[in-house]
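Working notes for the structure below.
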Amino acid sequence: MSQEKEVKTKGSKKSLQTARNTFKFIVEDYLQGHAHKQEGKPVVWSCALAEKELFYAMGLHPYYPENYAAVCATQRKNRDPSAEKEAVRFAKIAEQAGYSADLCGYQRVATGYIMNDDLTDAPLGGMPAPDLMVTTSSVCDVRLKWFEDMAQRLNVPLFTLDRPERVFNDIRRHPMPHEVKYYKSILEDYMSFVTDVTGIRYDEDRLRECMEWSYKTNEVRLEILDLRKAVPSPMGCADGFATMYPGMYCSGTEKAYNYYKELRDEVKAKVLAGEGIIQNEKFRLMWYGIPLWFNMGIFNYFEDIGGVFAYEPAYNPSPWPQSTGDDPLTELAIRSLYTGTSMSSGMSSILEQCREYHINGAVLAFLLTCRPVYLPALETKRILEKELGIPSVMIECDLVDERSYSEAQVKTRMDAFAEQILGQLEAKKEVA
Amino acid sequence: MNEIFAQYCNNRHDMARKWKQETGKKVYGYFCCMSPEEILFAADILPVRITGTGEPLQKADLHVPPNSCPFARSCLDAGMQGHYDYLDGVVVPNSCDIIFSMEYLWKTLVKRPNPPSMVGGIDLKPYVHYINYPEKINSRGVLPFYKEVLSIFKQELERGNNRLITDEDMSRAITAYNDDKFQLKRLYEMRKTDPPAVSGFEAWQAVYASILMPKDQHAALLKESLDEIEKTGRKAEEGVRIYLSGSAMDRVNADIIKVIEECGGQVVTDDLCVGTRSFWYPISTELPPLEAIARRSLGTACPRSTVKERIPENRWAHIVNTIKGYDVEGAIFYVLKCCDARLGEYPHLRDKIKEEMGLPSLFLEGDYTAEGVEQMRGRVEAFIEMIGG
Amino acid sequence: MPFYAGIDVGAQSIKVVVFDGEKILGARIVVTEDEANRAAQRIYEDLLGELKLSGSDVEKIYVTGWGADDVLFADGKSSEQVCAAKGARFLIPTARTILDMGAEGSRVMKLSADGILEEFVNNSKCASGTGSFIELGAVYLQVPIEQMGPLSLSADGSADVSSTCAVFAESVIISNIHKGEPLERIAAGIHKSAATRVSELLGRIGKVDDVVFVGGPAKNRGLVRILEEMSGVSFKIPDNPQIVVALGAALQASTKQKRKRRKGAT
Ligand code: SF4
Ligand code: SF4
């Protein structure tokens, strides 16, 4: 391997036009939100896995501190190259106030950001102050505690969408009646909460409309995923992560649907033309976990030796249950309860995906501060090896705080890993 | 305070095995104090809380990453090593992220005593029981939901053990549990004096024993000891009065209480799951038993739960309840690394305890080893000297 | 007049102060690898000899520091945090925040307006914010430790030695040497790295003026300057910053009584 190759933190090279346009999409979304706030309309702060339709149906403009932390991980104050990344600046403020450096990077960055007196002294002009906050109990404890803490610091009302944490195998995927009933009662409570705080009333038709957009969006996103199974890979992880924003954070809107339609057409054209991200694809990798937002360039690391990052399980949609024709809240409750967050469901689905995407190796982003990502990492490694003979390598780091990133270490590991995979492919060829 | 408590604290596995042999009954393990132990007790099963060893890991290190909660890792390691081979079942509630993952980890990695009986992809006699504990413990729809969760658990137990659990069984369990809670509360009451009647470490031993042995037996023994102490009027050492707040406090971590005492402090009350959180609030005897048990479990002041209030206050009410009347002079937070819920609420609690009660706090991040506890001695000493003059 | 002694047993050196209730009569700093009890006894007796005092003139001896428990002839023991606070406040009565940087650990203490210790923070187990980190750097750069400060001041910028972990920083120092970075720039980088850690401590406690800097590294001008720049404070540094903790112990010997109850929260 060439000695000069760098894993210096930098942005990624995206291969799709739509992906390159995403930052514009995000910036516009941020600006729209500021305008929305100026018109006196309410702004909500929330997080991934809260159902986004709930916001659009109630006329709230959502902001996501976690996504904002990721933005901060790529920006420096006044674009001054000698300044530390904004994420690091904010994380330090939080740590000084007693928030452990072991806590989720998103939480530290966002907490440091709100402890700054001036919310606009930050990338993209900051997030508009929230009128309310909504979090979910799904996936991790951090979101509960972090939002509770922000609610107290900013004195802004908080609502928690308490989604039962189900454990199921394929047979029991469909939620049980008491689970649906409970989650529906939570959704109803949410509606009255918003009405109480903002005066806006729940409009069933409006919600149904949003849900239709998100169903459609989900369908297109699933189509894209299907296209990504093609060899050579038409769309890799760099593009995958770059294009998650509209789906993760704006689902339920027409603009998100249009965005993915365009993306699908672009990917489809590439598949039809047999065009891959790189010219000579030799091996395909999976990226497990959330990316290192300050260093997206890592996805291009293996390209000159024929390696592509073809698939990432994070942020991707799963099929939704058939619409039942029930009232939209029941339908939404059932849909949400289909998401499996337990290790049991995680393990079986990752095996399936590695087969479908023809994966030869996995890079496990061992995110030091995100428990849902690091907890299953060793088991994932073990199972991939045992069930499919797929080797993997771990990269230790925080997701937004680059202080814990060691370039030299990552480089050594990645290079050794590439050799291992190339050796395996060589051996296979000889056998054949 | 009581020889039998000490035996349970130091030799828990032998004691449980002995009990099992003598009675011929079953023993189940559980994680976290919200677990509905009362239902197990009602089924004539001895519920024991699963804890770790604090020793270097032998097996779990290949499966659970090093930066995960060291307590939970050690629990799993003990399971994988066979320390818990006498358990007939294991209860995993949806508490923190790590315990939630035990549903998979324990099921996959710890050898079970009997083979599963699978029918149509479903295990009729599960070894690991998952309790879908809700996170918003006072929301409008939570009670019917959680009652259903518990009745599914009850059915699993009934199927697995071929016996019905009647309302009478459950009422009997509630009485036994309430008796024990009453004695424990009495024990804590006796620590309000200066010096307290019972030292922090002795009190911890009593609480720890209560989660490892049959509650009725524990209540009787504790009553005897407390009567005795009242009669003789004996007192513990005088010391700077400390409120101890922290993560899982088993035999390994509890040495911090000893260190505090050796440095001239005296733990008089706490916010611990092997402490006030496991017994403070009695179970209602007016309600149907399953509902009463559900309410007790939901009422656990677990740091990982949240509430419906718009500005949640990090369990402030529980903290006030457990500090009030104890003449506390300082708070020590002993939090295990990676314990996100506790780490996340710490800055806020520290500030609030300072503002509203005028108490200084000391923060210690634990690694769940005996050496780690020892390394904290210097800071504990300074903190206690700082308060004591 | 009664006399009092304070002994500070650090990881590398032992400091002894004899005090008459109002002023310091004499002090000694000895670097030693000898067993703590024996070494402390010897240094203490030497100092008494120099001051023409005998053991019976000294009413009480208090010991503090890393090896305090090993000193068997002391009458009492006090923590480093309390001693540093007392000593610094005695020398500089306006002190509200005290930074004590030692070989094996750094800590910051905050005092109330009337001088009561209210809060302290320690650096984590890691060595990167301590005096020994700079000493380690000196070993790699092969310059005497006293030269480290001046060397760093002469640099036109600093090499990147930043790291959250001392073990890690070591390898960064070495790779900088291999790359041929000028020594003064590496020295500056080492100071910057240590200062980052320490200024975090100052930030965590929310420093109040006057900020007093005690401990051996307080004599390192290079470190003081970069720390002042970084944390925006101007330090007050006592003449002999190394003996402040031992002085605090002597003060404790002269005043400490059995504990009085503070009013608890009810
Ligand atoms: S801990 Fe992980 S899942 Fe939870 S908020 Fe942080 S990054 Fe997201
Ligand atoms: S100590 Fe904390 S992280 Fe560990 S199991 Fe308990 S709640 Fe979870």
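Following the order of the structure tokens, first chain is A, next is B, and so on, with residues numbered from 1 inside each chain and ligands from 1 in the order they appear.
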> Excluding same-chain residues fewer than 3 positions from Asp141 in chain A, what lies within 9 Å of it counting only C-alpha atoms, as a ChimeraX atom specification?
Replying inline: /A:137-138,144-146,371 /B:95-97,304-305,340-341
I'd like a table as a tab-separated table: residues in chain C with an atom no more than 7 Å from chain A, each row giving the shortest atom pair and its distance in Å to one decimal, only C-alpha atoms counted, sorted by chain and rising residue number.
```
residue	atom	partner	partner_atom	distance
C:Glu200	CA	A:Gln96	CA	6.6
C:Gly203	CA	A:Gln96	CA	5.8
C:Arg204	CA	A:Gln96	CA	4.2
```
Would you mind exporting all heavy atoms of the selected residues as a compact mmCIF listing (two decimals), in the first residue's frame?
```
# COMPACT_ATOMS: atom_id res chain seq x y z
N GLU C 200 -8.51 23.25 31.74
CA GLU C 200 -9.82 22.60 31.85
C GLU C 200 -10.26 22.48 33.31
O GLU C 200 -11.42 22.68 33.64
CB GLU C 200 -9.77 21.19 31.24
CG GLU C 200 -10.02 21.16 29.75
CD GLU C 200 -9.68 19.80 29.15
OE1 GLU C 200 -9.77 18.78 29.86
OE2 GLU C 200 -9.32 19.77 27.97
N GLY C 203 -11.40 25.71 34.45
CA GLY C 203 -12.72 25.99 33.90
C GLY C 203 -13.80 25.23 34.65
O GLY C 203 -14.88 25.74 34.89
N ARG C 204 -13.50 24.00 35.01
CA ARG C 204 -14.51 23.16 35.64
C ARG C 204 -14.96 23.73 36.97
O ARG C 204 -16.11 23.58 37.37
CB ARG C 204 -13.96 21.75 35.84
CG ARG C 204 -14.68 20.73 34.98
CD ARG C 204 -13.91 19.46 34.87
NE ARG C 204 -13.87 18.74 36.13
CZ ARG C 204 -13.02 17.75 36.37
NH1 ARG C 204 -12.16 17.39 35.45
NH2 ARG C 204 -13.02 17.13 37.51
```
| request: Excluding Pro93 in chain C and residues on its chain fewer than 4 positions from it, collect all residues at most 9 Å away from it, counting only C-alpha atoms, and give them as JSON, numbers by chain. | output: {"C": [88, 89, 115]}
If you count only C-alpha atoms, which residues fall within 12 Å of Lys231 in chain B, apart from same-chain ones fewer than 6 positions away, as a CSV table (one decimal) with N, CA and C atoms, in the first residue's frame?
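The new file part_15.csv reads:
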```csv
chain,number,residue,atom,x,y,z
B,197,ALA,N,-27.4,4.9,64.8
B,197,ALA,CA,-27.4,3.7,65.5
B,197,ALA,C,-26.7,2.6,64.7
B,224,GLU,N,-35.2,-8.7,64.6
B,224,GLU,CA,-34.5,-9.2,65.8
B,224,GLU,C,-33.3,-8.2,66.1
B,225,SER,N,-32.5,-8.0,65.0
B,225,SER,CA,-31.3,-7.2,65.2
B,225,SER,C,-31.7,-5.8,65.7
```
Residue with the minimum atom-to-atom distance to ligand 1, picked from A:Pro65, A:Gly307, A:Pro157, A:Pro246 with only C-alpha atoms and all ligand atoms counted, is A:Pro65
- Query: Do you know which residues are within 8 Å of ligand 2 using only C-alpha atoms and all ligand atoms? Can you write them as a PyMOL selection string?
  - Reply: chain B and resi 32+68-72+95-99+247-248+303-304+335-342
Preceding selection exported with N, CA and C atoms as a compact mmCIF listing (two decimals), in the first residue's frame:
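That gives us selection_30.txt:
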```
# COMPACT_ATOMS: atom_id res chain seq x y z
N CYS B 32 -31.94 -5.45 38.27
CA CYS B 32 -32.59 -4.17 38.57
C CYS B 32 -33.79 -4.29 39.51
N SER B 68 -18.01 -0.66 28.02
CA SER B 68 -19.38 -0.82 28.53
C SER B 68 -19.36 -0.85 30.06
N CYS B 69 -20.53 -0.72 30.63
CA CYS B 69 -20.66 -0.73 32.08
C CYS B 69 -19.93 -1.93 32.70
N PRO B 70 -18.94 -1.68 33.53
CA PRO B 70 -18.14 -2.77 34.09
C PRO B 70 -18.94 -3.69 35.00
N PHE B 71 -19.96 -3.15 35.62
CA PHE B 71 -20.81 -3.98 36.48
C PHE B 71 -21.54 -5.01 35.63
N ALA B 72 -22.20 -4.55 34.58
CA ALA B 72 -22.98 -5.45 33.75
C ALA B 72 -22.09 -6.48 33.07
N SER B 95 -34.52 -1.95 31.48
CA SER B 95 -34.09 -0.77 32.25
C SER B 95 -33.07 -0.03 31.42
N CYS B 96 -31.80 -0.02 31.78
CA CYS B 96 -30.86 0.76 30.97
C CYS B 96 -30.50 -0.02 29.70
N ASP B 97 -29.84 0.65 28.78
CA ASP B 97 -29.46 0.04 27.50
C ASP B 97 -28.71 -1.28 27.70
N ILE B 98 -27.85 -1.30 28.71
CA ILE B 98 -27.00 -2.47 28.89
C ILE B 98 -27.81 -3.65 29.39
N ILE B 99 -28.66 -3.39 30.37
CA ILE B 99 -29.47 -4.47 30.91
C ILE B 99 -30.42 -4.98 29.84
N SER B 247 -24.49 4.30 41.17
CA SER B 247 -24.88 3.17 40.33
C SER B 247 -24.96 1.91 41.20
N ALA B 248 -25.10 0.78 40.52
CA ALA B 248 -25.23 -0.51 41.19
C ALA B 248 -24.20 -0.65 42.31
N PRO B 303 -33.15 6.13 37.83
CA PRO B 303 -32.65 7.27 37.07
C PRO B 303 -32.88 7.13 35.57
N ARG B 304 -33.08 5.92 35.12
CA ARG B 304 -33.21 5.74 33.69
C ARG B 304 -34.64 6.07 33.20
N VAL B 335 -20.46 7.07 40.55
CA VAL B 335 -21.12 6.63 39.32
C VAL B 335 -20.16 5.76 38.52
N LEU B 336 -20.65 4.63 38.04
CA LEU B 336 -19.80 3.77 37.23
C LEU B 336 -19.62 4.40 35.86
N LYS B 337 -18.46 4.22 35.30
CA LYS B 337 -18.25 4.78 33.97
C LYS B 337 -19.20 4.08 33.01
N CYS B 338 -19.71 4.82 32.07
CA CYS B 338 -20.65 4.30 31.08
C CYS B 338 -22.09 4.25 31.59
N CYS B 339 -22.33 4.61 32.84
CA CYS B 339 -23.71 4.59 33.33
C CYS B 339 -24.39 5.88 32.87
N ASP B 340 -24.84 5.88 31.63
CA ASP B 340 -25.28 7.12 30.98
C ASP B 340 -26.37 7.87 31.73
N ALA B 341 -27.34 7.13 32.25
CA ALA B 341 -28.45 7.81 32.91
C ALA B 341 -27.94 8.59 34.11
N ARG B 342 -27.07 7.98 34.89
CA ARG B 342 -26.55 8.66 36.07
C ARG B 342 -25.59 9.77 35.69
```
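Residue nearest ligand 1, chosen from B:Ile332, B:Lys107, B:Gly344, B:Ala6 and counting only C-alpha atoms and all ligand atoms: B:Gly344.
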Surroundings of ligand 1 up to 10 Å, based on only C-alpha atoms and all ligand atoms, as a PyMOL selection string: (chain A and resi 47-49+65-67+103-108+137-147+289-290+367-374+398-400) or (chain B and resi 97+340)
query = Any idea which chain B residues end up within 8 Å of chain A if we count only C-alpha atoms, as a PyMOL selection string please?
reply = chain B and resi 62-65+67-68+94+96-98+100-101+103-104+121+130+132-136+139-142+144-145+148+304-306+308-314+337-338+340-341+343-348
TODO: May I have all residues of range 55-297 of chain B that DSSP, computed from the backbone, assigns to strand (DSSP E), given as JSON, numbers by chain?
DONE: {"B": [89, 90, 91, 92, 93, 118, 119, 122, 123, 128, 129, 130, 131, 240, 241, 242, 243, 244, 245, 246, 265, 266, 267, 268, 269, 270, 271]}
